[in-house]
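Take a look at the structure set out below.
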Amino acid sequence: MRTPYPFYAELRNAAPLHRLMPGAWLTTRYEDADRILRDPRFGKDFLAGVARRYGAGAVKEPAFQMVNRFMLLMNPPEHTRLRALVGKAFSVKQAPELRRLAQRETDRLIDEFIDHGCADLVRMFAYPLPVRIICALLDIPPEDGLPYLEDAQALVKVFELSPIGPSDIDAANRAAQAFERHFRNICDERRKNPGHDLISLLLQAEEGEDRLSRDEIVANVALLFLAGHETTANMIGNALLTLFRHPEQLALLRTNLSLLPRAVNECLRYETSVHIAARVAMQDVTIGTVTIKRGETVYINLAAANRDPAVFEQPERFLIERPEQTQKPLSFGGGMHYCLGARLARIELETALAGLLRRLPELQLEGVDDPPWKPTITIRGLDRLPAYWQTERSRADPRSEQPH
């Protein structure tokens, strides 16, 4: 969809909660979304949603089984235990180290295409950058990780709100099985020869006598590839497009890169890559005049909540100097399932945007008025983002033509 936001506004104005179908609701207002994300009476039941959309037999498919082992789809006490162990390993990687890593990989990628004068920034930058960073964190050669880029794109489709077809399920199954084989082997090797990488840290993480099992590590390393790659890759493209659609804000940022953290926060609010989160009522819960029965699912429209005028002044305007507000965008979720990788995602976004703006000062995007959006609902992102700029050669010889 070119722009879903007018439709989201209609839904938000019509009613706080909309019944999508028996047992399923949609919420679009910030207050309700924030409350549901934080309310311990709401949890996760991924396989129940799979059974409702695809039939009871589908829950046995390898892709759905693997995804169901992701930490973000678990409830306490299992979620509490896993988050403590994974968080302990992840917190070892401090922000300065992550920034150096993000800067190194950003520069390496730009080096690969800067002399071309043009590039598809989705294919050549936004997608490979998070993969390279995750591979570095896992101590996997980038060339080994790139094949899993396609696997991640296949597997992430199981999160779609609308049912996917049999061929997509088959592709997701193959991707899940490939992840299983690859990371089981790596876990076995790192157990024998531990290093300072994230897999070794996960193997070493403990709470008392509790440790992560190999299956838990494999599933949550796969989660790192999906959550840490797919959402960030789409967000880089969305942020670039948003900035170039608002040239006065882009000019403001170009002249003052210290505004980058605020610009990233506004990009996350204005054009987030994750539009839908889901929660299941663990007991009957009344919100306003609506009672959500135990076992019913609420789909939370984060993108609609991020543009709620009851919370954000002039929400349809993109303003990188937007005044700090008590309420923050819900792009990383909330409550106990708040994104564990939010810090890394922000660092990646800031470094990616800064790298492009510094090294390609004459960067221009093509087709910003009608870009090719992916035909997805849960995750919003671009299929491609053609860009061009002047190279050293074209500056030296004005007669040389820039390829578009």
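Letters for chains follow the order of the structure tokens (A, B, ...), residue numbers begin at 1 for each chain, and ligand numbers begin at 1 in the order shown.
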Counting only C-alpha atoms, which residues of segment 144-234 of chain A fall within 10 Å of segment 336-341 of chain A, and what is the closest atom pair for each with its distance in Å at one decimal, ordered by chain and rising number, as JSON lines?
```
{"residue": "A:Leu224", "atom": "CA", "partner": "A:Gly341", "partner_atom": "CA", "distance": 8.4}
{"residue": "A:Ala227", "atom": "CA", "partner": "A:Gly341", "partner_atom": "CA", "distance": 8.1}
{"residue": "A:Gly228", "atom": "CA", "partner": "A:Gly341", "partner_atom": "CA", "distance": 6.8}
```
Who sits within 12 Å of Glu271 of chain A, only C-alpha atoms, same chain under 6 positions skipped, as number ranges by chain: A: 3-5, 231, 234-243, 245, 263-265, 302-307, 315-318, 329-331, 379-382
Neighbour list for Asp34 of chain A as a count of residues only, cut-off 8 Å, only C-alpha atoms, skip fewer than 4 positions in-chain: 4
Shell of 9 Å around Arg191 of chain A, only C-alpha atoms, local chain residues under 2 positions omitted, as a list in words: Ile186, Cys187, Asp188, Glu189, Asn193, Pro194, Ser200, Leu203 and Gln204 of chain A
Residue with smallest distance to Glu150 of chain A - pool A:Ala172, A:Val92, A:Met282, A:Leu385, counting only C-alpha atoms: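 Among A:Ala172, A:Val92, A:Met282, A:Leu385, it is A:Ala172 that comes nearest to Glu150 of chain A.
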Test item: residues at most 10 Å from Glu321 of chain A, only C-alpha atoms, excluding those fewer than 3 positions along its chain, as a list in words: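 Counting only the stated atoms, we get Gln249, Leu252, Leu253, Leu259, Leu260, Arg262, Ala263, Glu266, Phe318 and Glu324 of chain A.
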With N, CA, C and O atoms kept, could you save the residues just selected as a short mmCIF file (atom, residue, chain, number, x, y, z; two decimals), in the first residue's frame?
```
data_model
loop_
_atom_site.label_atom_id
_atom_site.label_comp_id
_atom_site.auth_asym_id
_atom_site.auth_seq_id
_atom_site.Cartn_x
_atom_site.Cartn_y
_atom_site.Cartn_z
N GLN A 249 13.87 19.17 6.15
CA GLN A 249 14.36 18.44 7.32
C GLN A 249 15.71 17.77 7.01
O GLN A 249 16.60 17.72 7.86
N LEU A 252 18.34 20.40 7.22
CA LEU A 252 18.61 20.69 8.63
C LEU A 252 19.56 19.65 9.22
O LEU A 252 20.51 19.98 9.93
N LEU A 253 19.33 18.38 8.88
CA LEU A 253 20.18 17.31 9.39
C LEU A 253 21.57 17.37 8.77
O LEU A 253 22.58 17.15 9.47
N LEU A 259 21.95 16.15 15.33
CA LEU A 259 20.51 15.89 15.42
C LEU A 259 20.15 14.45 15.07
O LEU A 259 18.97 14.08 15.11
N LEU A 260 21.13 13.64 14.70
CA LEU A 260 20.85 12.28 14.24
C LEU A 260 20.02 11.45 15.21
O LEU A 260 19.06 10.79 14.79
N ARG A 262 17.78 12.34 17.34
CA ARG A 262 16.39 12.81 17.29
C ARG A 262 15.77 12.51 15.94
O ARG A 262 14.58 12.19 15.86
N ALA A 263 16.57 12.60 14.87
CA ALA A 263 16.05 12.28 13.54
C ALA A 263 15.67 10.82 13.44
O ALA A 263 14.63 10.46 12.87
N GLU A 266 12.43 10.22 15.24
CA GLU A 266 11.30 10.70 14.47
C GLU A 266 11.02 9.79 13.27
O GLU A 266 9.86 9.56 12.91
N PHE A 318 6.58 15.44 9.68
CA PHE A 318 7.87 14.85 10.00
C PHE A 318 8.80 15.96 10.47
O PHE A 318 9.17 16.83 9.69
N GLU A 324 10.86 16.96 22.83
CA GLU A 324 10.85 15.71 23.59
C GLU A 324 9.51 15.57 24.30
O GLU A 324 9.01 16.52 24.90
#
```
For Ala33 of chain A: contacts at 7 Å, only C-alpha atoms, fewer than 5 positions along chain excluded, given as a ChimeraX atom specification: /A:27-28,300,305
Which residues are near Val280 of chain A? Cut-off 7 Å, only C-alpha atoms, ignore same chain within fewer than 3 positions. Put them as a short mmCIF file (atom, residue, chain, number, x, y, z; two decimals) with C-alpha atoms, in the first residue's frame.
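As written to disk, selection.cif reads:
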```
data_model
loop_
_atom_site.label_atom_id
_atom_site.label_comp_id
_atom_site.auth_asym_id
_atom_site.auth_seq_id
_atom_site.Cartn_x
_atom_site.Cartn_y
_atom_site.Cartn_z
CA PHE A 42 -1.77 -10.25 27.79
CA GLY A 43 0.81 -12.71 26.50
CA LYS A 44 1.84 -14.66 23.42
CA ASP A 45 0.34 -17.74 21.75
CA GLY A 295 -7.71 -16.71 24.33
CA GLU A 296 -8.65 -13.90 21.94
CA THR A 297 -5.90 -12.10 20.02
CA VAL A 298 -5.37 -8.35 19.84
#
```
